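Have a look at structure_2.pdb; it's PDB, C-alpha atoms, pLDDT in the B column:
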```pdb
ATOM      1  CA  MET A   1     -15.780  -6.737  18.166  1.00 94.00           C
ATOM      2  CA  GLU A   2     -13.247  -4.190  19.334  1.00 97.00           C
ATOM      3  CA  ILE A   3     -12.865  -0.532  18.350  1.00 98.00           C
ATOM      4  CA  VAL A   4      -9.503   1.188  18.839  1.00 98.00           C
ATOM      5  CA  ASP A   5      -9.426   4.926  18.210  1.00 98.00           C
ATOM      6  CA  ASN A   6      -6.112   6.664  17.435  1.00 98.00           C
ATOM      7  CA  PHE A   7      -4.729   3.281  16.434  1.00 98.00           C
ATOM      8  CA  LEU A   8      -1.550   4.753  14.929  1.00 98.00           C
ATOM      9  CA  SER A   9       0.589   7.642  16.089  1.00 98.00           C
ATOM     10  CA  LYS A  10      -0.363  10.980  14.508  1.00 98.00           C
ATOM     11  CA  ASN A  11       2.805  11.057  12.414  1.00 98.00           C
ATOM     12  CA  THR A  12       2.451   7.479  11.114  1.00 98.00           C
ATOM     13  CA  PHE A  13      -1.246   7.989  10.376  1.00 98.00           C
ATOM     14  CA  LYS A  14      -0.554  11.233   8.482  1.00 98.00           C
ATOM     15  CA  LYS A  15       2.001   9.493   6.226  1.00 98.00           C
ATOM     16  CA  ILE A  16      -0.405   6.662   5.429  1.00 98.00           C
ATOM     17  CA  LYS A  17      -3.365   8.992   4.897  1.00 98.00           C
ATOM     18  CA  ASP A  18      -1.359  11.264   2.584  1.00 98.00           C
ATOM     19  CA  THR A  19      -0.287   8.264   0.499  1.00 97.00           C
ATOM     20  CA  VAL A  20      -3.764   6.704   0.350  1.00 97.00           C
ATOM     21  CA  MET A  21      -5.564   9.983  -0.402  1.00 97.00           C
ATOM     22  CA  ASN A  22      -3.044  11.599  -2.778  1.00 95.00           C
ATOM     23  CA  GLU A  23      -0.732   9.058  -4.437  1.00 93.00           C
ATOM     24  CA  LEU A  24      -2.405   5.690  -4.644  1.00 95.00           C
ATOM     25  CA  PRO A  25      -3.809   4.487  -7.983  1.00 95.00           C
ATOM     26  CA  TYR A  26      -7.300   3.014  -7.691  1.00 94.00           C
ATOM     27  CA  TYR A  27      -9.146   0.623  -9.950  1.00 91.00           C
ATOM     28  CA  TYR A  28     -12.808   0.849 -10.906  1.00 90.00           C
ATOM     29  CA  LYS A  29     -15.171  -1.792  -9.581  1.00 81.00           C
ATOM     30  CA  LYS A  30     -18.867  -1.977 -10.419  1.00 75.00           C
ATOM     31  CA  ASP A  31     -20.961  -2.487  -7.297  1.00 66.00           C
ATOM     32  CA  ASN A  32     -23.481  -5.263  -7.633  1.00 55.00           C
ATOM     33  CA  ALA A  33     -24.131  -5.522  -3.901  1.00 58.00           C
ATOM     34  CA  TYR A  34     -25.821  -2.184  -3.270  1.00 54.00           C
ATOM     35  CA  VAL A  35     -29.435  -2.233  -2.164  1.00 54.00           C
ATOM     36  CA  GLY A  36     -31.645   0.091  -4.212  1.00 57.00           C
ATOM     37  CA  ALA A  37     -29.112   1.390  -6.707  1.00 57.00           C
ATOM     38  CA  ASN A  38     -27.876  -0.218  -9.903  1.00 59.00           C
ATOM     39  CA  ASP A  39     -25.422   2.431 -11.070  1.00 66.00           C
ATOM     40  CA  LEU A  40     -23.077   2.746  -8.092  1.00 77.00           C
ATOM     41  CA  TYR A  41     -19.403   1.875  -8.138  1.00 82.00           C
ATOM     42  CA  HIS A  42     -16.276   2.183  -6.043  1.00 86.00           C
ATOM     43  CA  PHE A  43     -12.538   1.980  -6.506  1.00 92.00           C
ATOM     44  CA  VAL A  44     -10.133  -0.552  -5.006  1.00 95.00           C
ATOM     45  CA  HIS A  45      -6.427  -1.074  -4.571  1.00 97.00           C
ATOM     46  CA  TYR A  46      -5.154  -4.475  -3.445  1.00 97.00           C
ATOM     47  CA  LEU A  47      -2.066  -4.404  -1.257  1.00 98.00           C
ATOM     48  CA  TYR A  48      -2.048  -8.166  -0.625  1.00 97.00           C
ATOM     49  CA  ASP A  49      -3.972 -10.865  -2.482  1.00 94.00           C
ATOM     50  CA  ASP A  50      -3.549 -14.476  -3.620  1.00 85.00           C
ATOM     51  CA  ASN A  51      -0.915 -15.119  -0.919  1.00 88.00           C
ATOM     52  CA  GLN A  52       1.412 -12.407  -2.128  1.00 96.00           C
ATOM     53  CA  ILE A  53       2.130  -8.705  -1.974  1.00 97.00           C
ATOM     54  CA  SER A  54       0.298  -7.176  -4.932  1.00 96.00           C
ATOM     55  CA  SER A  55       1.272  -3.501  -4.649  1.00 97.00           C
ATOM     56  CA  GLY A  56       4.444  -1.443  -4.441  1.00 97.00           C
ATOM     57  CA  TYR A  57       2.670   0.523  -1.690  1.00 98.00           C
ATOM     58  CA  PHE A  58       2.526  -2.470   0.677  1.00 98.00           C
ATOM     59  CA  ASN A  59       5.477  -1.393   2.833  1.00 97.00           C
ATOM     60  CA  ALA A  60       4.421   2.252   3.102  1.00 97.00           C
ATOM     61  CA  ILE A  61       0.780   1.507   3.970  1.00 98.00           C
ATOM     62  CA  ALA A  62       0.355  -2.008   5.343  1.00 98.00           C
ATOM     63  CA  ARG A  63       3.568  -2.626   7.306  1.00 97.00           C
ATOM     64  CA  PRO A  64       3.070   0.120   9.943  1.00 98.00           C
ATOM     65  CA  ILE A  65      -0.489  -1.108  10.568  1.00 98.00           C
ATOM     66  CA  LEU A  66       0.448  -4.799  10.599  1.00 97.00           C
ATOM     67  CA  SER A  67       3.192  -4.066  13.147  1.00 97.00           C
ATOM     68  CA  LYS A  68       0.424  -3.229  15.645  1.00 97.00           C
ATOM     69  CA  MET A  69      -1.651  -6.328  14.882  1.00 96.00           C
ATOM     70  CA  ASN A  70      -1.349  -9.964  15.952  1.00 93.00           C
ATOM     71  CA  VAL A  71      -1.227 -11.639  12.522  1.00 94.00           C
ATOM     72  CA  PHE A  72      -0.272 -15.255  11.897  1.00 93.00           C
ATOM     73  CA  SER A  73      -1.380 -15.425   8.246  1.00 93.00           C
ATOM     74  CA  LEU A  74      -2.639 -12.810   5.802  1.00 95.00           C
ATOM     75  CA  LYS A  75      -5.515 -13.528   3.432  1.00 94.00           C
ATOM     76  CA  ARG A  76      -6.079 -10.126   1.805  1.00 96.00           C
ATOM     77  CA  ILE A  77      -5.543  -6.392   2.278  1.00 98.00           C
ATOM     78  CA  LYS A  78      -7.775  -4.207   0.129  1.00 97.00           C
ATOM     79  CA  ILE A  79      -8.275  -0.444   0.132  1.00 97.00           C
ATOM     80  CA  ASN A  80     -11.830   0.687  -0.670  1.00 95.00           C
ATOM     81  CA  CYS A  81     -12.613   4.152  -1.996  1.00 95.00           C
ATOM     82  CA  TYR A  82     -16.325   4.999  -2.217  1.00 93.00           C
ATOM     83  CA  PRO A  83     -17.356   8.214  -4.012  1.00 93.00           C
ATOM     84  CA  SER A  84     -19.840  10.441  -2.236  1.00 93.00           C
ATOM     85  CA  THR A  85     -23.521   9.975  -3.074  1.00 92.00           C
ATOM     86  CA  ASN A  86     -26.531  12.282  -2.648  1.00 93.00           C
ATOM     87  CA  LYS A  87     -27.933   9.942   0.021  1.00 93.00           C
ATOM     88  CA  ILE A  88     -26.522   7.048   2.046  1.00 92.00           C
ATOM     89  CA  TYR A  89     -26.657   3.755   0.141  1.00 89.00           C
ATOM     90  CA  LYS A  90     -26.137   0.478   1.991  1.00 88.00           C
ATOM     91  CA  HIS A  91     -24.323  -2.551   0.625  1.00 84.00           C
ATOM     92  CA  ALA A  92     -26.086  -5.864   0.978  1.00 82.00           C
ATOM     93  CA  PHE A  93     -24.968  -7.926   3.946  1.00 86.00           C
ATOM     94  CA  HIS A  94     -22.020 -10.176   3.085  1.00 83.00           C
ATOM     95  CA  VAL A  95     -19.143 -12.162   4.582  1.00 85.00           C
ATOM     96  CA  ASP A  96     -15.599 -11.757   3.310  1.00 81.00           C
ATOM     97  CA  TRP A  97     -15.024 -15.542   3.425  1.00 78.00           C
ATOM     98  CA  LYS A  98     -17.211 -18.279   4.886  1.00 78.00           C
ATOM     99  CA  GLN A  99     -14.400 -19.995   6.789  1.00 80.00           C
ATOM    100  CA  PRO A 100     -13.651 -18.408  10.180  1.00 79.00           C
ATOM    101  CA  HIS A 101     -11.037 -15.670  10.070  1.00 89.00           C
ATOM    102  CA  ASP A 102     -10.362 -12.259  11.512  1.00 93.00           C
ATOM    103  CA  GLY A 103     -10.946  -8.877  10.011  1.00 95.00           C
ATOM    104  CA  MET A 104      -9.894  -5.334  10.688  1.00 97.00           C
ATOM    105  CA  LEU A 105     -11.233  -2.223   9.027  1.00 98.00           C
ATOM    106  CA  PHE A 106      -8.942   0.777   9.280  1.00 98.00           C
ATOM    107  CA  TYR A 107     -10.680   4.078   8.558  1.00 98.00           C
ATOM    108  CA  ILE A 108      -8.692   6.678   6.629  1.00 98.00           C
ATOM    109  CA  ASN A 109     -11.116   9.604   6.748  1.00 98.00           C
ATOM    110  CA  THR A 110     -13.955  10.754   8.973  1.00 98.00           C
ATOM    111  CA  ASN A 111     -17.329  10.838   7.229  1.00 98.00           C
ATOM    112  CA  ASP A 112     -20.993   9.911   7.750  1.00 98.00           C
ATOM    113  CA  GLY A 113     -20.564   6.416   6.278  1.00 97.00           C
ATOM    114  CA  LEU A 114     -21.023   3.362   8.471  1.00 97.00           C
ATOM    115  CA  THR A 115     -20.078  -0.254   8.926  1.00 96.00           C
ATOM    116  CA  ILE A 116     -23.232  -2.139   9.926  1.00 96.00           C
ATOM    117  CA  PHE A 117     -23.488  -5.609  11.452  1.00 95.00           C
ATOM    118  CA  LYS A 118     -26.412  -8.009  11.110  1.00 93.00           C
ATOM    119  CA  ASP A 119     -27.281  -7.524  14.814  1.00 93.00           C
ATOM    120  CA  GLY A 120     -27.855  -3.801  14.159  1.00 94.00           C
ATOM    121  CA  THR A 121     -24.551  -2.531  15.573  1.00 96.00           C
ATOM    122  CA  GLU A 122     -23.301   0.488  13.623  1.00 97.00           C
ATOM    123  CA  VAL A 123     -19.718   1.734  13.633  1.00 98.00           C
ATOM    124  CA  LYS A 124     -18.957   5.276  12.474  1.00 98.00           C
ATOM    125  CA  SER A 125     -16.161   6.057  10.050  1.00 98.00           C
ATOM    126  CA  ILE A 126     -13.621   7.947  12.144  1.00 98.00           C
ATOM    127  CA  ALA A 127     -10.117   8.631  10.824  1.00 98.00           C
ATOM    128  CA  ASN A 128      -7.395   6.484  12.450  1.00 98.00           C
ATOM    129  CA  ARG A 129      -9.964   4.075  13.910  1.00 98.00           C
ATOM    130  CA  ALA A 130      -9.391   0.313  13.807  1.00 98.00           C
ATOM    131  CA  LEU A 131     -12.381  -2.003  13.964  1.00 98.00           C
ATOM    132  CA  PHE A 132     -11.496  -5.629  14.787  1.00 97.00           C
ATOM    133  CA  PHE A 133     -14.242  -8.183  14.091  1.00 95.00           C
ATOM    134  CA  ASP A 134     -15.057 -11.641  12.783  1.00 91.00           C
ATOM    135  CA  SER A 135     -15.353 -10.937   9.060  1.00 90.00           C
ATOM    136  CA  SER A 136     -16.849 -14.367   8.456  1.00 86.00           C
ATOM    137  CA  LYS A 137     -19.992 -12.885  10.075  1.00 88.00           C
ATOM    138  CA  GLU A 138     -22.443 -10.807   8.051  1.00 90.00           C
ATOM    139  CA  HIS A 139     -21.722  -7.093   7.799  1.00 92.00           C
ATOM    140  CA  ARG A 140     -22.073  -4.270   5.302  1.00 91.00           C
ATOM    141  CA  SER A 141     -20.788  -0.811   4.566  1.00 91.00           C
ATOM    142  CA  THR A 142     -22.366   2.347   3.232  1.00 92.00           C
ATOM    143  CA  THR A 143     -21.512   5.283   1.050  1.00 92.00           C
ATOM    144  CA  CYS A 144     -21.100   8.747   2.557  1.00 96.00           C
ATOM    145  CA  THR A 145     -22.645  12.143   1.812  1.00 97.00           C
ATOM    146  CA  ASN A 146     -20.512  14.670   3.691  1.00 98.00           C
ATOM    147  CA  GLN A 147     -17.054  14.039   2.156  1.00 98.00           C
ATOM    148  CA  ASN A 148     -15.957  13.566  -1.463  1.00 97.00           C
ATOM    149  CA  ILE A 149     -14.925   9.979  -0.741  1.00 96.00           C
ATOM    150  CA  ARG A 150     -15.063   7.338   1.993  1.00 97.00           C
ATOM    151  CA  VAL A 151     -11.824   5.363   2.323  1.00 98.00           C
ATOM    152  CA  ASN A 152     -10.978   2.359   4.465  1.00 98.00           C
ATOM    153  CA  ILE A 153      -8.501  -0.507   4.436  1.00 98.00           C
ATOM    154  CA  ASN A 154      -9.884  -4.020   4.842  1.00 96.00           C
ATOM    155  CA  PHE A 155      -7.525  -6.577   6.432  1.00 97.00           C
ATOM    156  CA  ASN A 156      -8.488 -10.269   6.345  1.00 95.00           C
ATOM    157  CA  TYR A 157      -6.184 -12.513   8.337  1.00 95.00           C
ATOM    158  CA  ILE A 158      -5.727 -15.295  10.858  1.00 92.00           C
ATOM    159  CA  LYS A 159      -4.622 -14.195  14.339  1.00 90.00           C
ATOM    160  CA  GLY A 160      -1.406 -15.387  15.895  1.00 78.00           C
ATOM    161  CA  ARG A 161      -1.659 -17.473  19.042  1.00 74.00           C
TER
END
```
Please express what this file holds, its structure, as structure tokens.
Amino acid sequence: MEIVDNFLSKNTFKKIKDTVMNELPYYYKKDNAYVGANDLYHFVHYLYDDNQISSGYFNAIARPILSKMNVFSLKRIKINCYPSTNKIYKHAFHVDWKQPHDGMLFYINTNDGLTIFKDGTEVKSIANRALFFDSSKEHRSTTCTNQNIRVNINFNYIKGR
């Protein structure tokens, strides 16, 4: 696991954040993986899926981030937008895919939500933070309570050599 704060330049991050927070259309997704809550949901926007670019926002959002990563092959890029809740709810532990691959979570806004790993490690949601990890290992996310939404971008990929 590696955490890189201030991953992008301030100017590049501001452009991406403005697009993700103010322009991007999101799509409703019922959450079945939350522990202790049956009526929670979040919104998603796929930038890359099924071996192809799936959004007109790919170049504006994904390209500047990918240019700072060592990517051989992309699997998926998904933006998650979690509405605020009255208390922190935790997703169930999950893996993104069972076969070994790399993951990077890029945090768009600072909030009290977390990414939690099976070993108990917790990573705070800090704007412009990149979290590199093995996303074939169990992990989970949470909602937030101190911002209207919690937004991150989930990259699943195979590293270059």
re atom CA of Asp96 of chain A and atom CA of Phe43 of chain A: distance 17.2 Å
Enumerate, as a PyMOL selection string, the residues matched when the PyMOL selection byres ((chain A and resi 142) around 8) is run on the file above.
chain A and resi 88-91+113-115+140-141+143-144
Neighbours of Lys14 of chain A within 10 Å (all atoms listed in the file; same-chain residues fewer than 5 positions away dropped), as number ranges by chain?
A: 8-9, 19-20, 108, 128
Atom CA of Ala60 of chain A and atom CA of Lys17 of chain A, how far apart in Å?
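Taking atom CA of Lys17 of chain A and atom CA of Ala60 of chain A, their separation equals 10.5 Å.
Considering the residues A:Lys124, A:Lys78, A:Lys87, A:Lys68 and counting only C-alpha atoms, Ile153 of chain A has its shortest atom-to-atom contact with A:Lys78.
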Distance criterion (only C-alpha atoms): nearest to Ala62 of chain A out of A:Leu74, A:Lys98, A:Ile126, A:Cys81:
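Selected residue with least distance to Ala62 of chain A: A:Leu74.
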In Å to one decimal, how far is atom CA of His45 of chain A from atom CA of Ala127 of chain A?
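If I compute the distance from atom CA of Ala127 of chain A to atom CA of His45 of chain A, I get 18.6 Å.
Nearest-residue note for Asp102 of chain A: choosing from A:Val44, A:Ile116, A:Val4, A:Leu131, the minimum distance belongs to A:Leu131, counting only C-alpha atoms.
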Shell of 12 Å around Gly56 of chain A, all atoms listed in the file, local chain residues under 6 positions omitted, as a CSV table (one decimal) with C-alpha atoms, in the frame of the given file:
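Listing of result-v1.csv after writing:
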```csv
chain,number,residue,atom,x,y,z
A,19,THR,CA,-0.3,8.3,0.5
A,23,GLU,CA,-0.7,9.1,-4.4
A,24,LEU,CA,-2.4,5.7,-4.6
A,25,PRO,CA,-3.8,4.5,-8.0
A,45,HIS,CA,-6.4,-1.1,-4.6
A,46,TYR,CA,-5.2,-4.5,-3.4
A,47,LEU,CA,-2.1,-4.4,-1.3
A,48,TYR,CA,-2.0,-8.2,-0.6
A,62,ALA,CA,0.4,-2.0,5.3
A,63,ARG,CA,3.6,-2.6,7.3
```
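With distances taken over all atoms listed in the file, A:Met1 is the one residue among A:His94, A:Tyr57, A:Asp50, A:Met1 lying closest to Glu122 of chain A.
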Given all atoms listed in the file as the basis, pick out the residue of A:Phe13, A:Phe133, A:Tyr157, A:Tyr26 nearest to Asn51 of chain A.
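Nearest to Asn51 of chain A: A:Tyr157.
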Identify the residues within 8 Å of coordinate (-10.1, -3.6, 9.2) (same frame as the file), considering all atoms listed in the file, and give the answer as a PDB file with C-alpha atoms, in the coordinates of the input.
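Okay, out_14.pdb is ready:
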```pdb
ATOM      1  CA  GLY A 103     -10.946  -8.877  10.011  1.00 95.00           C
ATOM      2  CA  MET A 104      -9.894  -5.334  10.688  1.00 97.00           C
ATOM      3  CA  LEU A 105     -11.233  -2.223   9.027  1.00 98.00           C
ATOM      4  CA  PHE A 106      -8.942   0.777   9.280  1.00 98.00           C
ATOM      5  CA  TYR A 107     -10.680   4.078   8.558  1.00 98.00           C
ATOM      6  CA  ALA A 130      -9.391   0.313  13.807  1.00 98.00           C
ATOM      7  CA  LEU A 131     -12.381  -2.003  13.964  1.00 98.00           C
ATOM      8  CA  PHE A 132     -11.496  -5.629  14.787  1.00 97.00           C
ATOM      9  CA  PHE A 133     -14.242  -8.183  14.091  1.00 95.00           C
ATOM     10  CA  ASN A 152     -10.978   2.359   4.465  1.00 98.00           C
ATOM     11  CA  ILE A 153      -8.501  -0.507   4.436  1.00 98.00           C
ATOM     12  CA  ASN A 154      -9.884  -4.020   4.842  1.00 96.00           C
ATOM     13  CA  PHE A 155      -7.525  -6.577   6.432  1.00 97.00           C
ATOM     14  CA  ASN A 156      -8.488 -10.269   6.345  1.00 95.00           C
TER      15      ASN A 156
END
```
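With distances restricted to only C-alpha atoms, A:Lys118 is the closest residue to Ser135 of chain A from A:Lys29, A:Arg161, A:Lys118, A:His42.
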Listed atoms of segment 113-122 of chain A boxed along x, y and z, 5 Å each side, centre and edge lengths in Å, one decimal, as lines of an AutoDock Vina configuration file:
```
center_x = -24.0
center_y = -0.8
center_z = 10.9
size_x = 17.8
size_y = 24.4
size_z = 19.3
```
Within 7 Å of Pro83 of chain A, counting all atoms listed in the file, which residues qualify if same-chain residues fewer than 3 places away don't, as an NGL selection string?
:A and (42 or 148-150)
